[in-house]
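Reproduced below: input22.txt, with compact mmCIF, C-alpha atoms.
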# COMPACT_ATOMS: atom_id res chain seq x y z
CA MET A 1 26.52 54.12 86.23
CA SER A 2 27.58 50.52 86.71
CA GLY A 3 26.63 47.85 84.21
CA LEU A 4 24.39 46.14 86.75
CA TRP A 5 22.38 49.30 87.36
CA LEU A 6 22.06 49.74 83.61
CA ALA A 7 20.62 46.21 83.31
CA VAL A 8 18.24 46.76 86.24
CA LEU A 9 16.91 50.13 85.04
CA ALA A 10 16.78 49.38 81.30
CA GLY A 11 15.32 45.94 81.94
CA GLY A 12 12.71 47.31 84.35
CA VAL A 13 11.59 50.24 82.19
CA GLY A 14 11.46 48.04 79.09
CA CYS A 15 9.32 45.41 80.82
CA TYR A 16 6.92 48.12 82.04
CA LEU A 17 6.60 49.57 78.53
CA LEU A 18 5.84 46.08 77.17
CA LYS A 19 2.98 45.81 79.69
CA LEU A 20 1.67 49.29 78.84
CA ALA A 21 1.85 48.55 75.11
CA GLY A 22 -0.53 45.63 75.54
CA LEU A 23 -3.14 47.81 77.24
CA ALA A 24 -2.65 50.82 74.96
CA VAL A 25 -2.08 49.43 71.46
CA PRO A 26 -5.16 48.58 69.38
CA PRO A 27 -5.44 44.75 69.48
CA ALA A 28 -5.42 44.46 65.65
CA VAL A 29 -1.81 45.70 65.50
CA LEU A 30 -0.44 42.68 67.36
CA ASP A 31 -3.20 40.17 66.79
CA ARG A 32 -1.58 38.18 64.00
CA GLY A 33 -1.11 34.44 63.86
CA TRP A 34 2.68 34.33 63.80
CA VAL A 35 2.95 36.99 66.51
CA ARG A 36 0.65 35.02 68.81
CA ARG A 37 2.46 31.73 68.12
CA THR A 38 5.89 33.28 68.66
CA ALA A 39 4.83 35.09 71.84
CA ASP A 40 3.39 31.81 73.10
CA LEU A 41 6.67 29.98 72.42
CA VAL A 42 9.13 32.65 73.61
CA PRO A 43 8.70 32.01 77.36
CA VAL A 44 8.95 28.25 76.82
CA ALA A 45 12.15 28.50 74.75
CA LEU A 46 13.82 31.05 77.03
CA LEU A 47 12.96 29.24 80.25
CA ALA A 48 14.19 25.91 78.83
CA ALA A 49 17.43 27.56 77.70
CA LEU A 50 17.85 29.21 81.11
CA VAL A 51 17.37 25.85 82.85
CA ALA A 52 20.00 24.25 80.61
CA VAL A 53 22.54 27.07 80.93
CA GLN A 54 22.03 27.49 84.68
CA VAL A 55 22.42 23.82 85.43
CA ALA A 56 25.04 22.61 82.97
CA SER A 57 27.45 25.47 82.31
CA ASP A 58 30.22 27.24 84.18
CA GLY A 59 31.38 30.23 82.16
CA PRO A 60 32.15 28.95 78.65
CA ARG A 61 32.39 25.31 79.76
CA LEU A 62 29.71 22.62 79.93
CA VAL A 63 29.90 20.84 83.28
CA LEU A 64 27.90 18.32 85.26
CA ASP A 65 27.99 18.85 89.02
CA ALA A 66 25.72 18.92 92.09
CA ARG A 67 23.33 21.28 90.28
CA VAL A 68 22.11 18.34 88.17
CA ALA A 69 21.10 16.54 91.37
CA GLY A 70 19.26 19.70 92.39
CA LEU A 71 17.41 19.75 89.08
CA ALA A 72 16.50 16.06 89.42
CA ALA A 73 15.05 16.79 92.87
CA ALA A 74 13.06 19.66 91.33
CA VAL A 75 11.61 17.32 88.69
CA VAL A 76 10.51 14.83 91.35
CA LEU A 77 8.92 17.61 93.42
CA LEU A 78 7.15 19.05 90.36
CA VAL A 79 5.77 15.63 89.44
CA LEU A 80 4.47 15.43 93.02
CA ARG A 81 2.85 18.86 92.47
CA ALA A 82 4.83 20.53 95.22
CA PRO A 83 4.47 24.34 95.52
CA PHE A 84 7.08 26.64 93.97
CA LEU A 85 8.98 27.41 97.15
CA LEU A 86 9.31 23.75 98.07
CA VAL A 87 10.63 22.92 94.58
CA VAL A 88 13.27 25.64 94.80
CA ALA A 89 14.24 24.82 98.39
CA GLY A 90 14.33 21.07 97.66
CA ALA A 91 16.68 21.61 94.72
CA ALA A 92 18.99 23.82 96.79
CA ALA A 93 19.01 21.36 99.70
CA SER A 94 19.79 18.39 97.42
CA ALA A 95 22.71 20.16 95.80
CA ALA A 96 24.01 21.40 99.16
CA LEU A 97 23.73 17.92 100.69
CA LEU A 98 25.57 16.32 97.78
CA ARG A 99 28.39 18.88 98.09
CA LEU A 100 28.57 18.27 101.83
CA LEU A 101 28.81 14.49 101.33
CA ALA A 102 31.34 14.83 98.52
CA GLY A 103 33.38 17.08 100.82
CA MET B 1 -24.52 49.01 96.88
CA SER B 2 -27.32 51.03 95.30
CA GLY B 3 -30.79 50.82 96.85
CA ALA B 4 -32.24 50.03 93.40
CA ILE B 5 -30.73 46.52 93.47
CA PRO B 6 -33.07 43.90 94.97
CA PRO B 7 -31.67 42.41 98.22
CA SER B 8 -31.22 38.88 96.85
CA HIS B 9 -29.33 40.16 93.80
CA SER B 10 -27.23 42.39 96.02
CA ASP B 11 -26.36 39.45 98.27
CA ALA B 12 -25.27 37.44 95.26
CA VAL B 13 -23.10 40.32 94.06
CA VAL B 14 -21.51 40.70 97.49
CA ALA B 15 -20.84 36.96 97.68
CA ALA B 16 -19.32 36.94 94.18
CA ARG B 17 -17.09 39.91 95.01
CA ARG B 18 -16.03 38.31 98.27
CA GLY B 19 -15.10 35.11 96.40
CA VAL B 20 -13.00 37.06 93.88
CA VAL B 21 -11.19 38.91 96.70
CA ARG B 22 -10.54 35.65 98.60
CA ASP B 23 -9.18 33.88 95.50
CA GLY B 24 -7.04 36.88 94.58
CA LEU B 25 -5.50 37.15 98.04
CA GLY B 26 -4.79 33.40 98.07
CA VAL B 27 -2.92 33.63 94.78
CA ALA B 28 -1.14 36.78 95.99
CA LEU B 29 0.08 35.00 99.10
CA ALA B 30 1.29 31.92 97.20
CA THR B 31 3.08 34.01 94.55
CA GLY B 32 4.30 36.88 96.70
CA THR B 33 6.11 34.68 99.17
CA TYR B 34 8.37 33.20 96.54
CA GLY B 35 9.82 36.68 96.20
CA ILE B 36 12.03 35.43 99.04
CA SER B 37 13.73 32.98 96.69
CA PHE B 38 14.16 35.73 94.10
CA GLY B 39 15.74 38.03 96.68
CA ALA B 40 18.18 35.37 97.86
CA VAL B 41 19.09 34.24 94.32
CA SER B 42 19.54 37.83 93.15
CA VAL B 43 22.12 38.81 95.79
CA ALA B 44 23.84 35.44 95.24
CA SER B 45 24.11 36.42 91.54
CA GLY B 46 25.96 39.61 92.41
CA LEU B 47 23.25 42.28 92.63
CA SER B 48 23.16 44.49 95.73
CA VAL B 49 20.15 44.51 98.07
CA THR B 50 19.14 47.91 96.64
CA GLN B 51 19.44 46.72 93.03
CA THR B 52 17.43 43.61 93.90
CA CYS B 53 14.63 45.64 95.49
CA VAL B 54 14.57 48.23 92.68
CA LEU B 55 14.30 45.37 90.20
CA SER B 56 11.25 43.91 91.97
CA LEU B 57 9.63 47.36 92.26
CA LEU B 58 10.35 48.48 88.70
CA MET B 59 10.24 45.31 86.61
CA PHE B 60 7.67 43.39 88.69
CA THR B 61 7.41 40.27 86.56
CA GLY B 62 9.00 37.22 88.13
CA ALA B 63 10.28 35.21 85.17
CA SER B 64 12.00 38.27 83.65
CA GLN B 65 13.61 39.10 87.00
CA PHE B 66 14.93 35.56 87.49
CA ALA B 67 16.19 35.63 83.88
CA LEU B 68 18.01 38.93 84.36
CA VAL B 69 19.86 37.78 87.45
CA GLY B 70 20.47 34.36 85.86
CA VAL B 71 22.23 35.94 82.88
CA VAL B 72 24.19 38.22 85.22
CA ALA B 73 25.23 35.17 87.29
CA SER B 74 26.49 33.36 84.20
CA GLY B 75 28.67 36.36 83.36
CA GLY B 76 26.51 37.85 80.61
CA ALA B 77 26.71 41.50 79.54
CA PRO B 78 24.12 43.93 81.01
CA VAL B 79 22.56 44.30 77.55
CA SER B 80 22.08 40.52 77.24
CA ALA B 81 20.53 40.41 80.72
CA ALA B 82 18.09 43.23 79.95
CA ALA B 83 17.24 41.83 76.51
CA THR B 84 16.46 38.38 77.95
CA ALA B 85 14.15 40.04 80.50
CA TRP B 86 12.42 42.00 77.71
CA LEU B 87 11.86 38.87 75.62
CA LEU B 88 10.24 37.11 78.57
CA GLY B 89 8.23 40.28 79.25
CA THR B 90 6.59 40.19 75.81
CA ARG B 91 3.96 37.76 77.08
CA ASN B 92 2.66 40.55 79.34
CA THR B 93 1.97 42.55 76.15
CA LEU B 94 -0.33 39.77 74.99
CA TYR B 95 -2.02 39.67 78.40
CA GLY B 96 -2.62 43.41 78.03
CA LEU B 97 -4.36 42.87 74.71
CA ARG B 98 -6.89 40.62 76.45
CA LEU B 99 -7.16 42.76 79.57
CA GLY B 100 -7.59 46.13 77.80
CA PRO B 101 -11.25 45.71 76.79
CA LEU B 102 -12.10 43.96 80.10
CA LEU B 103 -10.67 46.67 82.33
CA GLY B 104 -11.71 49.53 80.04
CA TRP B 105 -9.39 52.04 81.71
CA ARG B 106 -7.88 55.12 80.06
CA GLY B 107 -5.31 57.76 80.92
CA ARG B 108 -3.70 57.71 84.36
CA ARG B 109 -5.59 54.59 85.46
CA ARG B 110 -4.25 52.66 82.50
CA VAL B 111 -0.70 53.88 83.13
CA LEU B 112 -0.91 52.64 86.73
CA ALA B 113 -2.76 49.41 85.92
CA ALA B 114 -0.13 48.46 83.32
CA HIS B 115 2.40 47.86 86.08
CA LEU B 116 0.18 45.13 87.57
CA VAL B 117 -0.17 43.17 84.30
CA ILE B 118 1.43 39.82 85.21
CA ASP B 119 0.58 36.10 84.86
CA GLU B 120 -1.43 35.91 88.07
CA SER B 121 -3.48 39.13 87.79
CA THR B 122 -4.38 38.18 84.22
CA ALA B 123 -5.42 34.66 85.17
CA MET B 124 -7.58 35.94 88.05
CA SER B 125 -9.22 38.54 85.80
CA VAL B 126 -9.99 37.06 82.38
CA THR B 127 -11.91 34.14 83.91
CA ARG B 128 -14.53 36.42 85.56
CA PRO B 129 -18.10 36.60 84.23
CA ASP B 130 -18.34 40.42 84.02
CA ASN B 131 -16.14 43.52 83.75
CA ASP B 132 -16.70 44.60 87.34
CA LEU B 133 -15.46 41.29 88.78
CA ALA B 134 -12.63 41.22 86.22
CA ARG B 135 -11.41 44.63 87.46
CA LEU B 136 -11.72 43.50 91.08
CA GLY B 137 -9.81 40.27 90.45
CA PHE B 138 -7.11 42.16 88.57
CA LEU B 139 -6.62 44.81 91.27
CA VAL B 140 -6.76 42.51 94.30
CA THR B 141 -4.43 39.92 92.77
CA GLY B 142 -2.03 42.38 91.10
CA GLY B 143 -1.94 44.71 94.11
CA GLY B 144 -1.59 41.84 96.58
CA VAL B 145 1.25 40.22 94.65
CA PHE B 146 2.97 43.60 94.28
CA VAL B 147 3.00 44.28 98.02
CA LEU B 148 4.03 40.76 99.05
CA TRP B 149 6.51 40.19 96.21
CA ASN B 150 8.43 43.35 97.13
CA LEU B 151 8.28 42.64 100.86
CA PHE B 152 9.58 39.09 100.43
CA THR B 153 12.21 40.21 97.90
CA LEU B 154 13.65 42.47 100.61
CA LEU B 155 13.56 39.64 103.17
CA GLY B 156 15.26 37.21 100.77
CA ALA B 157 17.89 39.74 99.70
CA VAL B 158 18.81 40.71 103.28
CA GLY B 159 18.79 37.05 104.31
CA GLY B 160 20.93 36.15 101.29
CA THR B 161 23.68 38.61 102.22
CA VAL B 162 24.22 37.03 105.67
CA LEU B 163 24.41 33.47 104.26
CA GLY B 164 27.96 33.67 102.88
CA ASP B 165 28.95 31.50 99.92
CA PRO B 166 25.67 30.73 98.09
CA ARG B 167 27.06 27.44 96.71
CA THR B 168 27.22 25.97 100.22
CA TYR B 169 23.44 26.23 100.39
CA GLY B 170 22.89 25.06 96.81
CA LEU B 171 21.50 28.46 95.82
CA ASP B 172 23.11 28.09 92.37
CA ALA B 173 21.02 24.94 91.89
CA ALA B 174 17.92 26.81 93.09
CA VAL B 175 18.04 29.11 90.04
CA GLY B 176 17.67 26.25 87.56
CA ALA B 177 14.89 24.76 89.68
CA ALA B 178 13.06 28.12 89.72
CA PHE B 179 13.19 28.30 85.91
CA LEU B 180 12.00 24.71 85.63
CA ALA B 181 9.09 25.38 87.99
CA LEU B 182 8.07 28.39 85.87
CA LEU B 183 8.38 26.29 82.71
CA TRP B 184 6.64 23.15 84.01
CA PRO B 185 2.95 24.15 83.55
CA ARG B 186 3.66 25.06 79.91
CA LEU B 187 5.05 21.64 79.02
CA ALA B 188 1.62 19.98 78.72
CA ASP B 189 1.54 21.01 75.04
CA PRO B 190 3.63 18.80 72.64
CA LEU B 191 4.67 21.83 70.55
CA HIS B 192 5.93 23.49 73.73
CA ARG B 193 7.90 20.37 74.67
CA LEU B 194 9.54 20.39 71.22
CA ALA B 195 10.37 24.09 71.58
CA ALA B 196 11.83 23.48 75.05
CA VAL B 197 14.09 20.64 73.88
CA LEU B 198 15.29 22.53 70.79
CA ALA B 199 15.92 25.71 72.77
CA ALA B 200 17.87 23.91 75.49
CA ALA B 201 19.95 22.09 72.84
CA VAL B 202 20.71 25.29 70.92
CA ALA B 203 21.64 27.12 74.13
CA LEU B 204 23.98 24.36 75.35
CA GLY B 205 25.53 24.10 71.89
CA LEU B 206 26.33 27.82 71.93
CA VAL B 207 27.71 27.97 75.50
CA PRO B 208 31.32 27.09 74.53
CA VAL B 209 31.45 29.33 71.45
CA THR B 210 29.59 32.55 72.30
CA ALA B 211 29.66 35.23 74.99
CA ALA B 212 27.63 34.52 78.13
CA GLY B 213 23.99 35.56 77.71
CA VAL B 214 23.96 34.94 73.96
CA PRO B 215 22.89 31.24 74.20
CA VAL B 216 19.66 32.20 76.00
CA LEU B 217 18.88 35.00 73.54
CA ALA B 218 19.46 32.58 70.66
CA ALA B 219 16.77 30.37 72.16
CA GLY B 220 14.41 33.28 71.54
CA GLY B 221 15.32 32.83 67.87
CA VAL B 222 14.15 29.21 68.08
CA ALA B 223 10.76 30.48 69.27
CA LEU B 224 10.57 33.02 66.44
CA LEU B 225 11.49 30.41 63.84
CA MET B 226 8.92 27.94 65.16
CA GLY B 227 6.29 30.69 65.38
CA LEU B 228 6.84 31.60 61.74
CA LEU B 229 6.87 27.99 60.54
CA ALA B 230 4.13 26.43 62.69
CA ARG B 231 0.83 26.11 60.90
CA ARG B 232 -1.60 25.95 63.77
CA GLU B 233 -3.01 28.67 66.01
CA ALA B 234 -1.69 29.14 69.51
CA PRO B 235 -4.13 27.89 72.14
Please go through the file and, once you have read it, give me the structure as structure tokens.
Amino acid sequence: MSGLWLAVLAGGVGCYLLKLAGLAVPPAVLDRGWVRRTADLVPVALLAALVAVQVASDGPRLVLDARVAGLAAAVVLLVLRAPFLLVVAGAAASAALLRLLAG
Amino acid sequence: MSGAIPPSHSDAVVAARRGVVRDGLGVALATGTYGISFGAVSVASGLSVTQTCVLSLLMFTGASQFALVGVVASGGAPVSAAATAWLLGTRNTLYGLRLGPLLGWRGRRRVLAAHLVIDESTAMSVTRPDNDLARLGFLVTGGGVFVLWNLFTLLGAVGGTVLGDPRTYGLDAAVGAAFLALLWPRLADPLHRLAAVLAAAVALGLVPVTAAGVPVLAAGGVALLMGLLARREAP
């Protein structure tokens, strides 16, 4: 089995089991202060790290390129409360346009 | 409707149920359609159309799916990609804790319902005034998102394969924007903003010195550290 299939299947089954655990485990087991605080912060930290890595790295190097312009467009669209698809499409279009102009 | 319920009460119940169904379908439409961006980004990251569709069917939680393909795109190992998806999936466990008593399902129903535990179905369920409407909101929203998310994933994936080089269309920039859009509503809280800045700084600091995928996982460590050290309750 290829590595990609391994990631897809293991990732998918694991995420399902995490959902099932929430419905099946007695609440007292996980209902602790530090667990709640950590679980609340995990998506924030991971998403912020994913934004940074996606936009500013190329392999092991830190780079600034058209993706930064895409992210800036996304920020503007988010401030304007644009819907998700528009934010994503606007970022892609900005980066594509910049690359086109830069030749 | 049972004949024992007075007509006026019955009308109110029907109207309430109709409202829950309408709201749920609206959210399902808004969320499901952005499966098209996931599909396109996923094939641009190197997954096949089949892998992309299996991921949406099996994992069915958007942020984890975007994270998995994002780590794959940056060259991360399959284990790092899966582990990042799991970490983002832990919030669904907490949703389940709140939903469990509301839904009150056991056995096979619970096993099936678990798959629909996502941000949107939880939000459209826990806000309802009684258990019956909570179940309805959960099923309509979760089921609606499931159908549309998978349909639009397929559309995006097939469309993505005929595009050619994804960079020409800025699809590599779209991934970062998708993560930012998912993060944005959580940044209202100052503690969250601090966590976001620290996590991004740690991740960027590690990019040149660790294997791909590790910087994002290390950001999970920032969350754990802050969760252990913070004194106040999560909202």
Report task. Find the residues of chain A in contact range of chain B, meaning any atom within 6 Å when counting all atoms listed in the file, and list them as a ChimeraX atom specification. Result -> /A:3,7-8,11-12,15,18-20,22-23,27,34,37-39,41-49,51-52,54-55,60-61,67,70-71,74,85,88,91-92,95-96
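Across the model, the gap from CA of Leu77 (chain A) to CA of Gly59 (chain A) is 28.1 Å.
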Requested in this report: Kindly indicate which residue among B:Thr153, B:Ser121, B:Thr127, B:Ser42 lies nearest to Val140 (chain B), using all atoms listed in the file for the distances.
Outcome: B:Ser121
Query raised in the report: How many Å lie between CA of Leu78 (chain A) and CA of Ser94 (chain A), rounded to one decimal?
Result: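 Separating CA of Leu78 (chain A) from CA of Ser94 (chain A) is a distance of 14.5 Å.
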Query raised in the report: Separation of CA of Ala72 (chain A) and CA of Ala89 (chain A), in Å?
Result: 12.7 Å
Per-axis box centre and lengths in Å around region 43-53 of chain B, 6 Å margin per side, axis-aligned, as JSON:
{"center_x": 20.3, "center_y": 41.7, "center_z": 94.8, "size_x": 23.3, "size_y": 24.5, "size_z": 18.5}
